[in-house]
file run21.pdb (PDB, C-alpha atoms)
MODEL        1
ATOM      1  CA  MET A  95       0.565 -29.187  -0.016
ATOM      2  CA  ASN A  96      -2.298 -26.733   0.437
ATOM      3  CA  ILE A  97      -1.978 -23.462  -1.473
ATOM      4  CA  GLU A  98      -4.104 -20.329  -1.082
ATOM      5  CA  VAL A  99      -3.403 -17.144  -3.018
ATOM      6  CA  LEU A 100      -6.939 -15.772  -3.580
ATOM      7  CA  GLY A 101      -6.604 -13.417  -0.642
ATOM      8  CA  ALA A 102      -3.798 -13.685   1.888
ATOM      9  CA  LEU A 103      -0.945 -16.000   0.904
ATOM     10  CA  ALA A 104      -1.008 -19.292   2.801
ATOM     11  CA  VAL A 105       1.057 -22.345   1.856
ATOM     12  CA  ARG A 106       1.061 -25.393   4.130
ATOM     13  CA  GLU A 107       2.864 -28.717   3.999
ATOM     14  CA  ASN A 108       1.526 -31.416   6.333
ATOM     15  CA  GLY A 109      -0.705 -28.710   7.779
ATOM     16  CA  VAL A 110       2.340 -26.646   8.793
ATOM     17  CA  SER A 111       2.821 -23.176   7.338
ATOM     18  CA  ILE A 112       5.839 -22.720   5.088
ATOM     19  CA  THR A 113       4.948 -19.075   4.381
ATOM     20  CA  PRO A 114       7.800 -16.755   5.380
ATOM     21  CA  THR A 115       7.212 -13.320   6.851
ATOM     22  CA  ALA A 116      10.184 -11.616   5.152
ATOM     23  CA  PRO A 117       8.976  -9.756   2.043
ATOM     24  CA  LYS A 118      11.306 -11.110  -0.649
ATOM     25  CA  PRO A 119      11.168 -14.814   0.265
ATOM     26  CA  ARG A 120       7.405 -14.299   0.461
ATOM     27  CA  GLN A 121       7.426 -12.996  -3.125
ATOM     28  CA  VAL A 122       9.411 -16.020  -4.265
ATOM     29  CA  LEU A 123       7.010 -18.443  -2.591
ATOM     30  CA  ALA A 124       3.960 -16.610  -3.964
ATOM     31  CA  LEU A 125       5.159 -16.941  -7.558
ATOM     32  CA  LEU A 126       6.178 -20.581  -7.078
ATOM     33  CA  ALA A 127       2.867 -21.406  -5.368
ATOM     34  CA  LEU A 128       0.777 -19.832  -8.113
ATOM     35  CA  HIS A 129       2.612 -21.988 -10.657
ATOM     36  CA  ALA A 130       2.855 -25.101  -8.490
ATOM     37  CA  ASP A 131       4.074 -28.181 -10.382
ATOM     38  CA  GLN A 132       5.481 -25.942 -13.127
ATOM     39  CA  VAL A 133       8.999 -24.620 -13.573
ATOM     40  CA  VAL A 134       9.326 -20.929 -12.758
ATOM     41  CA  PRO A 135      12.377 -19.533 -14.575
ATOM     42  CA  VAL A 136      15.125 -17.906 -12.554
ATOM     43  CA  ALA A 137      14.775 -14.867 -14.836
ATOM     44  CA  ALA A 138      11.104 -14.468 -13.856
ATOM     45  CA  LEU A 139      11.951 -14.662 -10.153
ATOM     46  CA  ILE A 140      14.753 -12.112 -10.514
ATOM     47  CA  GLU A 141      12.440  -9.780 -12.445
ATOM     48  CA  GLU A 142       9.842 -10.136  -9.699
ATOM     49  CA  LEU A 143      12.331  -9.343  -6.948
ATOM     50  CA  TRP A 144      14.300  -6.510  -8.512
ATOM     51  CA  ALA A 145      12.176  -5.067 -11.340
ATOM     52  CA  GLY A 146      14.792  -5.000 -14.093
ATOM     53  CA  GLU A 147      17.578  -3.667 -11.851
ATOM     54  CA  PRO A 148      19.029  -6.799 -10.237
ATOM     55  CA  PRO A 149      22.212  -6.526  -8.183
ATOM     56  CA  ARG A 150      25.247  -8.485  -9.268
ATOM     57  CA  SER A 151      24.528 -10.916  -6.475
ATOM     58  CA  ALA A 152      20.949 -11.544  -7.646
ATOM     59  CA  ARG A 153      21.323 -15.272  -8.326
ATOM     60  CA  THR A 154      23.186 -15.875  -5.102
ATOM     61  CA  THR A 155      20.612 -13.904  -3.127
ATOM     62  CA  LEU A 156      17.773 -15.837  -4.809
ATOM     63  CA  GLN A 157      19.483 -19.083  -3.814
ATOM     64  CA  THR A 158      19.572 -17.803  -0.229
ATOM     65  CA  TYR A 159      15.818 -17.217  -0.311
ATOM     66  CA  VAL A 160      15.321 -20.727  -1.684
ATOM     67  CA  LEU A 161      17.418 -22.138   1.166
ATOM     68  CA  GLN A 162      15.258 -20.223   3.670
ATOM     69  CA  LEU A 163      12.113 -21.706   2.142
ATOM     70  CA  ARG A 164      13.622 -25.193   2.192
ATOM     71  CA  ALA A 165      14.434 -24.795   5.883
ATOM     72  CA  MET A 166      10.744 -24.119   6.571
ATOM     73  CA  ILE A 167       9.747 -27.050   4.341
ATOM     74  CA  THR A 168      12.128 -29.354   6.263
ATOM     75  CA  THR A 169      10.414 -28.407   9.526
ATOM     76  CA  ALA A 170       7.017 -29.118   7.973
ATOM     77  CA  LEU A 171       8.141 -32.473   6.588
ATOM     78  CA  GLU A 172       9.528 -33.508   9.968
ATOM     79  CA  ALA A 173       6.079 -32.896  11.415
ATOM     80  CA  GLY A 174       4.783 -35.571   9.046
ATOM     81  CA  GLY A 175       6.313 -38.370  11.093
ATOM     82  CA  GLU A 176       8.547 -41.312  10.312
ATOM     83  CA  GLY A 177       6.645 -42.282   7.147
ATOM     84  CA  GLU A 178       7.771 -39.109   5.380
ATOM     85  CA  THR A 179      10.560 -39.933   2.930
ATOM     86  CA  ARG A 180      10.683 -36.696   0.951
ATOM     87  CA  THR A 181      13.250 -33.991   1.544
ATOM     88  CA  ALA A 182      12.898 -30.248   1.078
ATOM     89  CA  LYS A 183      14.698 -30.581  -2.262
ATOM     90  CA  ASP A 184      11.918 -32.929  -3.415
ATOM     91  CA  VAL A 185       9.322 -30.263  -2.589
ATOM     92  CA  LEU A 186      11.154 -27.170  -3.829
ATOM     93  CA  VAL A 187      12.998 -28.654  -6.771
ATOM     94  CA  THR A 188      15.972 -27.136  -8.597
ATOM     95  CA  LEU A 189      15.705 -27.737 -12.337
ATOM     96  CA  PRO A 190      17.648 -26.413 -15.338
ATOM     97  CA  GLY A 191      16.728 -22.769 -15.645
ATOM     98  CA  GLY A 192      14.436 -22.497 -12.657
ATOM     99  CA  TYR A 193      12.610 -23.894  -9.637
ATOM    100  CA  LEU A 194       9.467 -25.976  -9.185
ATOM    101  CA  LEU A 195       7.227 -26.227  -6.116
ATOM    102  CA  ALA A 196       5.790 -29.752  -6.031
ATOM    103  CA  GLY A 197       2.183 -29.786  -4.893
ATOM    104  CA  ASN A 198       2.209 -33.561  -4.362
ATOM    105  CA  GLY A 199      -1.498 -33.853  -5.121
ATOM    106  CA  GLY A 200      -2.543 -31.187  -2.623
ATOM    107  CA  THR A 201      -5.074 -28.398  -3.014
ATOM    108  CA  SER A 202      -4.841 -25.056  -4.791
ATOM    109  CA  ASP A 203      -7.590 -22.448  -4.506
ATOM    110  CA  VAL A 204      -6.756 -21.121  -7.996
ATOM    111  CA  ARG A 205      -7.141 -24.548  -9.579
ATOM    112  CA  GLU A 206     -10.364 -25.204  -7.670
ATOM    113  CA  PHE A 207     -11.703 -21.806  -8.735
ATOM    114  CA  ASP A 208     -10.892 -22.551 -12.369
ATOM    115  CA  ARG A 209     -12.561 -25.970 -12.121
ATOM    116  CA  LEU A 210     -15.776 -24.677 -10.554
ATOM    117  CA  ALA A 211     -15.964 -21.607 -12.801
ATOM    118  CA  GLY A 212     -15.470 -23.777 -15.886
ATOM    119  CA  MET A 213     -18.329 -26.022 -14.773
ATOM    120  CA  GLY A 214     -20.445 -22.931 -14.173
ATOM    121  CA  TYR A 215     -19.774 -21.578 -17.663
ATOM    122  CA  ARG A 216     -20.727 -24.912 -19.193
ATOM    123  CA  ALA A 217     -23.943 -24.928 -17.166
ATOM    124  CA  MET A 218     -24.727 -21.423 -18.475
ATOM    125  CA  ASP A 219     -24.159 -22.576 -22.057
ATOM    126  CA  ALA A 220     -26.517 -25.511 -21.443
ATOM    127  CA  GLY A 221     -29.231 -23.237 -20.027
ATOM    128  CA  ASP A 222     -28.905 -24.696 -16.523
ATOM    129  CA  PHE A 223     -29.137 -21.356 -14.714
ATOM    130  CA  PRO A 224     -29.716 -22.765 -11.187
ATOM    131  CA  GLY A 225     -26.645 -24.987 -11.588
ATOM    132  CA  ALA A 226     -24.588 -22.150 -13.047
ATOM    133  CA  ALA A 227     -25.517 -19.781 -10.221
ATOM    134  CA  ARG A 228     -24.631 -22.407  -7.608
ATOM    135  CA  LEU A 229     -21.291 -23.397  -9.159
ATOM    136  CA  LEU A 230     -20.154 -19.844  -9.825
ATOM    137  CA  ARG A 231     -21.169 -18.762  -6.322
ATOM    138  CA  GLU A 232     -19.112 -21.641  -4.929
ATOM    139  CA  ALA A 233     -16.134 -20.628  -7.092
ATOM    140  CA  LEU A 234     -16.339 -17.010  -5.969
ATOM    141  CA  SER A 235     -16.546 -18.040  -2.305
ATOM    142  CA  LEU A 236     -12.899 -19.173  -2.569
ATOM    143  CA  TRP A 237     -11.848 -15.518  -2.729
ATOM    144  CA  SER A 238     -11.223 -13.845   0.635
ATOM    145  CA  GLY A 239      -9.755 -10.653  -0.820
ATOM    146  CA  ALA A 240      -7.539  -9.489  -3.659
ATOM    147  CA  ALA A 241      -5.065 -12.111  -4.887
ATOM    148  CA  PHE A 242      -1.765 -11.959  -2.952
ATOM    149  CA  ALA A 243      -3.401  -9.405  -0.654
ATOM    150  CA  ASP A 244      -0.597  -9.476   1.923
ATOM    151  CA  VAL A 245       2.346  -9.831  -0.478
ATOM    152  CA  HIS A 246       4.323  -6.799  -1.610
ATOM    153  CA  GLY A 247       4.396  -7.846  -5.241
ATOM    154  CA  GLY A 248       6.663  -6.876  -8.065
ATOM    155  CA  ALA A 249       5.928  -6.785 -11.798
ATOM    156  CA  GLN A 250       5.270 -10.520 -12.160
ATOM    157  CA  LEU A 251       2.877 -10.825  -9.217
ATOM    158  CA  GLU A 252       1.077  -7.605 -10.119
ATOM    159  CA  MET A 253       0.472  -8.947 -13.628
ATOM    160  CA  GLU A 254      -0.770 -12.264 -12.226
ATOM    161  CA  ALA A 255      -3.000 -10.473  -9.715
ATOM    162  CA  ARG A 256      -4.609  -8.455 -12.527
ATOM    163  CA  ARG A 257      -5.149 -11.635 -14.543
ATOM    164  CA  LEU A 258      -6.755 -13.396 -11.597
ATOM    165  CA  GLU A 259      -8.964 -10.398 -10.862
ATOM    166  CA  GLU A 260     -10.222 -10.485 -14.441
ATOM    167  CA  THR A 261     -11.123 -14.159 -14.080
ATOM    168  CA  ARG A 262     -13.004 -13.309 -10.887
ATOM    169  CA  LEU A 263     -14.908 -10.505 -12.608
ATOM    170  CA  CYS A 264     -15.856 -12.816 -15.478
ATOM    171  CA  ALA A 265     -17.217 -15.386 -13.024
ATOM    172  CA  LEU A 266     -19.049 -12.672 -11.088
ATOM    173  CA  ASP A 267     -20.583 -11.308 -14.281
ATOM    174  CA  GLN A 268     -21.875 -14.741 -15.279
ATOM    175  CA  ARG A 269     -23.161 -15.546 -11.788
ATOM    176  CA  ILE A 270     -25.177 -12.322 -11.753
ATOM    177  CA  GLU A 271     -26.463 -13.113 -15.242
ATOM    178  CA  ALA A 272     -27.588 -16.564 -14.051
ATOM    179  CA  ASP A 273     -29.357 -15.035 -11.051
ATOM    180  CA  MET A 274     -31.089 -12.486 -13.286
ATOM    181  CA  ARG A 275     -32.340 -15.218 -15.586
ATOM    182  CA  LEU A 276     -33.829 -16.844 -12.486
ATOM    183  CA  GLY A 277     -35.758 -13.662 -11.735
ATOM    184  CA  ARG A 278     -33.710 -12.621  -8.706
ATOM    185  CA  HIS A 279     -33.643  -8.940  -9.658
ATOM    186  CA  ARG A 280     -34.604  -7.460  -6.303
ATOM    187  CA  GLU A 281     -32.214  -9.757  -4.441
ATOM    188  CA  LEU A 282     -29.344  -8.490  -6.621
ATOM    189  CA  LEU A 283     -29.903  -4.772  -6.070
ATOM    190  CA  ALA A 284     -27.809  -4.384  -2.895
ATOM    191  CA  GLU A 285     -24.876  -6.304  -4.400
ATOM    192  CA  LEU A 286     -25.042  -4.424  -7.702
ATOM    193  CA  THR A 287     -25.151  -1.083  -5.872
ATOM    194  CA  VAL A 288     -21.805  -1.913  -4.261
ATOM    195  CA  LEU A 289     -20.296  -3.328  -7.465
ATOM    196  CA  ALA A 290     -21.286  -0.320  -9.589
ATOM    197  CA  SER A 291     -19.635   1.949  -7.032
ATOM    198  CA  ARG A 292     -16.481  -0.190  -6.893
ATOM    199  CA  TYR A 293     -16.116  -0.743 -10.661
ATOM    200  CA  ARG A 294     -17.112   2.683 -11.866
ATOM    201  CA  THR A 295     -16.374   2.089 -15.586
ATOM    202  CA  HIS A 296     -17.426  -1.572 -15.883
ATOM    203  CA  GLU A 297     -20.226  -1.428 -18.461
ATOM    204  CA  ASN A 298     -21.591  -4.940 -18.074
ATOM    205  CA  LEU A 299     -22.106  -4.575 -14.327
ATOM    206  CA  HIS A 300     -23.828  -1.242 -14.861
ATOM    207  CA  GLY A 301     -26.028  -2.758 -17.561
ATOM    208  CA  GLN A 302     -27.050  -5.536 -15.187
ATOM    209  CA  PHE A 303     -27.742  -2.946 -12.484
ATOM    210  CA  MET A 304     -29.957  -0.981 -14.882
ATOM    211  CA  LEU A 305     -31.926  -4.104 -15.814
ATOM    212  CA  ALA A 306     -32.337  -5.177 -12.196
ATOM    213  CA  LEU A 307     -33.594  -1.722 -11.214
ATOM    214  CA  HIS A 308     -35.978  -1.498 -14.150
ATOM    215  CA  ARG A 309     -37.409  -4.957 -13.528
ATOM    216  CA  SER A 310     -37.892  -3.989  -9.883
ATOM    217  CA  GLY A 311     -40.072  -1.048 -10.947
ATOM    218  CA  ARG A 312     -37.341   1.567 -10.444
ATOM    219  CA  ARG A 313     -37.047   2.883 -13.988
ATOM    220  CA  GLY A 314     -35.869   6.363 -13.032
ATOM    221  CA  GLU A 315     -33.028   5.002 -10.956
ATOM    222  CA  ALA A 316     -32.035   2.694 -13.820
ATOM    223  CA  LEU A 317     -31.703   5.700 -16.110
ATOM    224  CA  ASP A 318     -29.750   7.560 -13.423
ATOM    225  CA  VAL A 319     -27.226   4.682 -13.366
ATOM    226  CA  TYR A 320     -26.692   5.155 -17.108
ATOM    227  CA  GLN A 321     -26.135   8.896 -16.752
ATOM    228  CA  ARG A 322     -23.623   8.440 -13.933
ATOM    229  CA  LEU A 323     -21.704   5.832 -15.920
ATOM    230  CA  ARG A 324     -21.697   8.014 -19.026
ATOM    231  CA  GLY A 325     -20.367  10.967 -17.027
ATOM    232  CA  THR A 326     -17.575   8.822 -15.587
ATOM    233  CA  LEU A 327     -16.614   7.337 -18.955
ATOM    234  CA  VAL A 328     -16.503  10.730 -20.676
ATOM    235  CA  ARG A 329     -14.675  12.462 -17.834
ATOM    236  CA  GLU A 330     -12.101   9.773 -17.033
ATOM    237  CA  LEU A 331     -11.613   7.930 -20.331
ATOM    238  CA  GLY A 332     -12.911  10.279 -22.998
ATOM    239  CA  LEU A 333     -15.348   7.569 -24.178
ATOM    240  CA  GLU A 334     -19.068   7.334 -24.765
ATOM    241  CA  PRO A 335     -20.934   4.223 -23.522
ATOM    242  CA  SER A 336     -20.969   1.287 -25.920
ATOM    243  CA  ALA A 337     -23.704   0.844 -28.510
ATOM    244  CA  ALA A 338     -25.112  -2.057 -26.475
ATOM    245  CA  LEU A 339     -25.475   0.063 -23.337
ATOM    246  CA  ARG A 340     -26.983   2.955 -25.285
ATOM    247  CA  GLY A 341     -29.450   0.464 -26.747
ATOM    248  CA  LEU A 342     -30.344  -0.710 -23.259
ATOM    249  CA  GLN A 343     -30.993   2.871 -22.158
ATOM    250  CA  ARG A 344     -33.256   3.479 -25.168
ATOM    251  CA  SER A 345     -35.148   0.254 -24.523
ATOM    252  CA  ILE A 346     -35.808   1.277 -20.913
ATOM    253  CA  LEU A 347     -36.964   4.717 -22.046
ATOM    254  CA  MET A 348     -39.298   3.244 -24.651
ATOM    255  CA  ALA A 349     -40.602   0.375 -22.533
ATOM    256  CA  GLY A 350     -41.918   2.520 -19.724
ATOM    257  CA  PRO A 351     -42.003   1.454 -16.091
ATOM    258  CA  GLU A 352     -44.702  -1.173 -16.557
ATOM    259  CA  HIS A 353     -42.975  -3.248 -19.256
ATOM    260  CA  PRO A 354     -39.957  -5.534 -18.814
ATOM    261  CA  VAL A 355     -36.801  -5.155 -20.850
ATOM    262  CA  GLU A 356     -35.185  -8.401 -21.949
ATOM    263  CA  PRO A 357     -31.404  -8.698 -22.399
ATOM    264  CA  ALA A 358     -31.944 -10.342 -25.784
ATOM    265  CA  ASP A 359     -33.739  -7.189 -26.940
ATOM    266  CA  THR A 360     -30.962  -4.845 -25.876
ATOM    267  CA  GLY A 361     -27.684  -6.618 -26.453
ATOM    268  CA  ALA A 362     -26.947  -6.416 -22.712
ATOM    269  CA  ASP A 363     -25.590  -9.956 -22.808
ATOM    270  CA  ARG A 364     -22.809  -8.669 -25.015
ATOM    271  CA  LEU A 365     -21.926  -5.462 -23.216
ATOM    272  CA  ALA A 366     -18.219  -4.767 -23.488
ATOM    273  CA  ARG A 367     -16.094  -4.322 -20.370
ATOM    274  CA  VAL A 368     -14.261  -1.062 -19.940
ATOM    275  CA  GLY A 369     -11.847  -1.113 -16.970
TER     276      GLY A 369
ENDMDL
END
call {"tool": "encode", "arguments": {"input": "run21.pdb", "output": "C-alpha cells"}}
result
Amino acid sequence: MNIEVLGALAVRENGVSITPTAPKPRQVLALLALHADQVVPVAALIEELWAGEPPRSARTTLQTYVLQLRAMITTALEAGGEGETRTAKDVLVTLPGGYLLAGNGGTSDVREFDRLAGMGYRAMDAGDFPGAARLLREALSLWSGAAFADVHGGAQLEMEARRLEETRLCALDQRIEADMRLGRHRELLAELTVLASRYRTHENLHGQFMLALHRSGRRGEALDVYQRLRGTLVRELGLEPSAALRGLQRSILMAGPEHPVEPADTGADRLARVG
C-alpha cells in the first residue's frame, strides 16, 4: 500500500486508488491511513465524523463506510492478479475496539518524512551541515501542500494536521539553519521573505531573516524586520519579542553594517517559536 497525506490524500493498493470521493468515508480513510498498521479506536473515528454529537446510528453508519472502503480495496486487490491471496478484510482489519489499515510493507510519506528529518537532525548535531541541509531538503520535498489538504477534517484530523505542520516547521527551521551555517545567506533571502510574511509571529524564522539580511549587507532591512515582528506580536498577542530576539536586534545595532553577527553571540539558535 502507498499512502500520501502530506498534501492531497492518496491511498493506493496495487497501484489502484482506494481513496473515496464522498467526504465521510474519506475522513475515515485519512485517519486510518495516517495511523497505518495501528488500531484506530471506533471512538476516535466517531469523534472525527460527528464532533461529539454522534447520531444513534453512528456505529452502524461507520460500519457502512468501512464496507464502502472494503469494496474499493477488493477492486484493487483483484487488479493484483491470481497471486493475490489477501481479502479486503485482511487489508482493513476489524479488531476489538477499532480498525486497522494494513500497510503490508508499503510506503508512507509521513514515515519517510520522519526518517529523513531524523537523519537530518542527527547530522546537524554532528556538525555535518551539508548532509543536514540535503536530508532536510529531501524530507521537506515530500510535502505538496498542507496535510490532508483535500479532506474536510473533523477534530481528530485537524489536531493531526496541526501536529504534522509543526514537524514540518521544525524541519524547515533546521534546514534554514544548516544553509546559514554554510554561508548561503543571500540565497535564503527570497525564501525567508515569503516565510516571514506567511508566519507573521514565528520568531525563529524572523530571527533567521534578520541574520540573513544583515550578513548580506542589508542592516537597515534587518532592523525593519524586527520592528514589523514586534508590532505584530504586540498588536495581535499582547507580547513583546523574546529576550533572544531582542538580543539579536541589539547585536545588529552594535555591530554596524560592516561586521557579521554570529548566532552564538545572540542566542538566535534558541529563539522561541510563537505561533
call {"tool": "closest_residue", "arguments": {"input": "run21.pdb", "among": "A:Met166, A:Leu282, A:Met348, A:Met218", "to": "Gln268 (chain A)", "atoms": "only C-alpha atoms"}}
result
A:Met218
call {"tool": "resolve_selection", "arguments": {"input": "run21.pdb", "expression": "the PyMOL selection byres ((chain A and resi 183) around 12)", "output": "list in words"}}
result
Val160, Leu161, Gln162, Leu163, Arg164, Ala165, Met166, Ile167, Thr168, Leu171, Thr179, Arg180, Thr181, Ala182, Asp184, Val185, Leu186, Val187, Thr188, Leu189, Tyr193, Leu194, Leu195 and Ala196 of chain A
call {"tool": "residues_around", "arguments": {"input": "run21.pdb", "residues": "region 227-231 of chain A", "least_positions_apart": "4", "cutoff": "12 Å", "atoms": "only C-alpha atoms", "output": "PDB file with C-alpha atoms, in the coordinates of the input"}}
result
ATOM      1  CA  GLU A 206     -10.364 -25.204  -7.670  1.00  0.00           C
ATOM      2  CA  PHE A 207     -11.703 -21.806  -8.735  1.00  0.00           C
ATOM      3  CA  ASP A 208     -10.892 -22.551 -12.369  1.00  0.00           C
ATOM      4  CA  ARG A 209     -12.561 -25.970 -12.121  1.00  0.00           C
ATOM      5  CA  LEU A 210     -15.776 -24.677 -10.554  1.00  0.00           C
ATOM      6  CA  ALA A 211     -15.964 -21.607 -12.801  1.00  0.00           C
ATOM      7  CA  GLY A 212     -15.470 -23.777 -15.886  1.00  0.00           C
ATOM      8  CA  MET A 213     -18.329 -26.022 -14.773  1.00  0.00           C
ATOM      9  CA  GLY A 214     -20.445 -22.931 -14.173  1.00  0.00           C
ATOM     10  CA  TYR A 215     -19.774 -21.578 -17.663  1.00  0.00           C
ATOM     11  CA  ARG A 216     -20.727 -24.912 -19.193  1.00  0.00           C
ATOM     12  CA  ALA A 217     -23.943 -24.928 -17.166  1.00  0.00           C
ATOM     13  CA  MET A 218     -24.727 -21.423 -18.475  1.00  0.00           C
ATOM     14  CA  GLY A 221     -29.231 -23.237 -20.027  1.00  0.00           C
ATOM     15  CA  ASP A 222     -28.905 -24.696 -16.523  1.00  0.00           C
ATOM     16  CA  PHE A 223     -29.137 -21.356 -14.714  1.00  0.00           C
ATOM     17  CA  SER A 235     -16.546 -18.040  -2.305  1.00  0.00           C
ATOM     18  CA  LEU A 236     -12.899 -19.173  -2.569  1.00  0.00           C
ATOM     19  CA  TRP A 237     -11.848 -15.518  -2.729  1.00  0.00           C
ATOM     20  CA  THR A 261     -11.123 -14.159 -14.080  1.00  0.00           C
ATOM     21  CA  ARG A 262     -13.004 -13.309 -10.887  1.00  0.00           C
ATOM     22  CA  LEU A 263     -14.908 -10.505 -12.608  1.00  0.00           C
ATOM     23  CA  CYS A 264     -15.856 -12.816 -15.478  1.00  0.00           C
ATOM     24  CA  ALA A 265     -17.217 -15.386 -13.024  1.00  0.00           C
ATOM     25  CA  LEU A 266     -19.049 -12.672 -11.088  1.00  0.00           C
ATOM     26  CA  ASP A 267     -20.583 -11.308 -14.281  1.00  0.00           C
ATOM     27  CA  GLN A 268     -21.875 -14.741 -15.279  1.00  0.00           C
ATOM     28  CA  ARG A 269     -23.161 -15.546 -11.788  1.00  0.00           C
ATOM     29  CA  ILE A 270     -25.177 -12.322 -11.753  1.00  0.00           C
ATOM     30  CA  GLU A 271     -26.463 -13.113 -15.242  1.00  0.00           C
ATOM     31  CA  ALA A 272     -27.588 -16.564 -14.051  1.00  0.00           C
ATOM     32  CA  ASP A 273     -29.357 -15.035 -11.051  1.00  0.00           C
ATOM     33  CA  MET A 274     -31.089 -12.486 -13.286  1.00  0.00           C
ATOM     34  CA  ARG A 275     -32.340 -15.218 -15.586  1.00  0.00           C
ATOM     35  CA  LEU A 276     -33.829 -16.844 -12.486  1.00  0.00           C
ATOM     36  CA  ARG A 278     -33.710 -12.621  -8.706  1.00  0.00           C
TER      37      ARG A 278
END
call {"tool": "atom_distance", "arguments": {"input": "run21.pdb", "atom1": "CA of Glu172 (chain A)", "atom2": "CA of Ala104 (chain A)"}}
result
19.1 Å
call {"tool": "atom_distance", "arguments": {"input": "run21.pdb", "atom1": "CA of Val319 (chain A)", "atom2": "CA of Met304 (chain A)"}}
result
6.5 Å
call {"tool": "atom_distance", "arguments": {"input": "run21.pdb", "atom1": "CA of Ala306 (chain A)", "atom2": "CA of Gly101 (chain A)"}}
result
29.4 Å
call {"tool": "decode", "arguments": {"input": "run21.pdb", "residues": "region 137-150 of chain A", "atoms": "N, CA, C and O atoms", "output": "PDB file, in the first residue's frame"}}
result
ATOM      1  N   ALA A 137     -14.131   4.883  18.836  1.00  0.00           N
ATOM      2  CA  ALA A 137     -14.487   6.168  19.460  1.00  0.00           C
ATOM      3  C   ALA A 137     -13.800   7.336  18.766  1.00  0.00           C
ATOM      4  O   ALA A 137     -14.399   8.406  18.591  1.00  0.00           O
ATOM      5  N   ALA A 138     -12.540   7.151  18.352  1.00  0.00           N
ATOM      6  CA  ALA A 138     -11.813   8.224  17.666  1.00  0.00           C
ATOM      7  C   ALA A 138     -12.427   8.499  16.296  1.00  0.00           C
ATOM      8  O   ALA A 138     -12.540   9.660  15.873  1.00  0.00           O
ATOM      9  N   LEU A 139     -12.832   7.454  15.597  1.00  0.00           N
ATOM     10  CA  LEU A 139     -13.456   7.627  14.288  1.00  0.00           C
ATOM     11  C   LEU A 139     -14.811   8.315  14.399  1.00  0.00           C
ATOM     12  O   LEU A 139     -15.145   9.200  13.600  1.00  0.00           O
ATOM     13  N   ILE A 140     -15.578   7.939  15.423  1.00  0.00           N
ATOM     14  CA  ILE A 140     -16.887   8.580  15.628  1.00  0.00           C
ATOM     15  C   ILE A 140     -16.711  10.044  15.999  1.00  0.00           C
ATOM     16  O   ILE A 140     -17.441  10.925  15.508  1.00  0.00           O
ATOM     17  N   GLU A 141     -15.721  10.347  16.836  1.00  0.00           N
ATOM     18  CA  GLU A 141     -15.445  11.738  17.199  1.00  0.00           C
ATOM     19  C   GLU A 141     -15.042  12.544  15.964  1.00  0.00           C
ATOM     20  O   GLU A 141     -15.460  13.692  15.791  1.00  0.00           O
ATOM     21  N   GLU A 142     -14.247  11.937  15.106  1.00  0.00           N
ATOM     22  CA  GLU A 142     -13.825  12.611  13.878  1.00  0.00           C
ATOM     23  C   GLU A 142     -15.020  12.927  12.975  1.00  0.00           C
ATOM     24  O   GLU A 142     -15.118  14.021  12.413  1.00  0.00           O
ATOM     25  N   LEU A 143     -15.932  11.989  12.879  1.00  0.00           N
ATOM     26  CA  LEU A 143     -17.049  12.130  11.937  1.00  0.00           C
ATOM     27  C   LEU A 143     -18.154  13.047  12.444  1.00  0.00           C
ATOM     28  O   LEU A 143     -18.773  13.771  11.652  1.00  0.00           O
ATOM     29  N   TRP A 144     -18.390  13.023  13.764  1.00  0.00           N
ATOM     30  CA  TRP A 144     -19.572  13.731  14.264  1.00  0.00           C
ATOM     31  C   TRP A 144     -19.279  14.714  15.393  1.00  0.00           C
ATOM     32  O   TRP A 144     -20.223  15.257  15.992  1.00  0.00           O
ATOM     33  N   ALA A 145     -18.047  14.944  15.721  1.00  0.00           N
ATOM     34  CA  ALA A 145     -17.644  16.021  16.637  1.00  0.00           C
ATOM     35  C   ALA A 145     -18.436  16.048  17.936  1.00  0.00           C
ATOM     36  O   ALA A 145     -18.979  17.082  18.343  1.00  0.00           O
ATOM     37  N   GLY A 146     -18.514  14.916  18.622  1.00  0.00           N
ATOM     38  CA  GLY A 146     -19.148  14.884  19.935  1.00  0.00           C
ATOM     39  C   GLY A 146     -20.655  14.826  19.907  1.00  0.00           C
ATOM     40  O   GLY A 146     -21.296  14.784  20.965  1.00  0.00           O
ATOM     41  N   GLU A 147     -21.270  14.834  18.725  1.00  0.00           N
ATOM     42  CA  GLU A 147     -22.728  14.746  18.621  1.00  0.00           C
ATOM     43  C   GLU A 147     -23.106  13.634  17.656  1.00  0.00           C
ATOM     44  O   GLU A 147     -23.749  13.857  16.629  1.00  0.00           O
ATOM     45  N   PRO A 148     -22.714  12.394  17.973  1.00  0.00           N
ATOM     46  CA  PRO A 148     -22.991  11.286  17.047  1.00  0.00           C
ATOM     47  C   PRO A 148     -24.472  10.934  17.056  1.00  0.00           C
ATOM     48  O   PRO A 148     -25.147  11.009  18.084  1.00  0.00           O
ATOM     49  N   PRO A 149     -24.997  10.528  15.908  1.00  0.00           N
ATOM     50  CA  PRO A 149     -26.380  10.028  15.884  1.00  0.00           C
ATOM     51  C   PRO A 149     -26.442   8.655  16.542  1.00  0.00           C
ATOM     52  O   PRO A 149     -25.417   8.016  16.785  1.00  0.00           O
ATOM     53  N   ARG A 150     -27.629   8.214  16.830  1.00  0.00           N
ATOM     54  CA  ARG A 150     -27.782   6.889  17.437  1.00  0.00           C
ATOM     55  C   ARG A 150     -27.238   5.787  16.529  1.00  0.00           C
ATOM     56  O   ARG A 150     -26.804   4.740  16.997  1.00  0.00           O
TER      57      ARG A 150
END
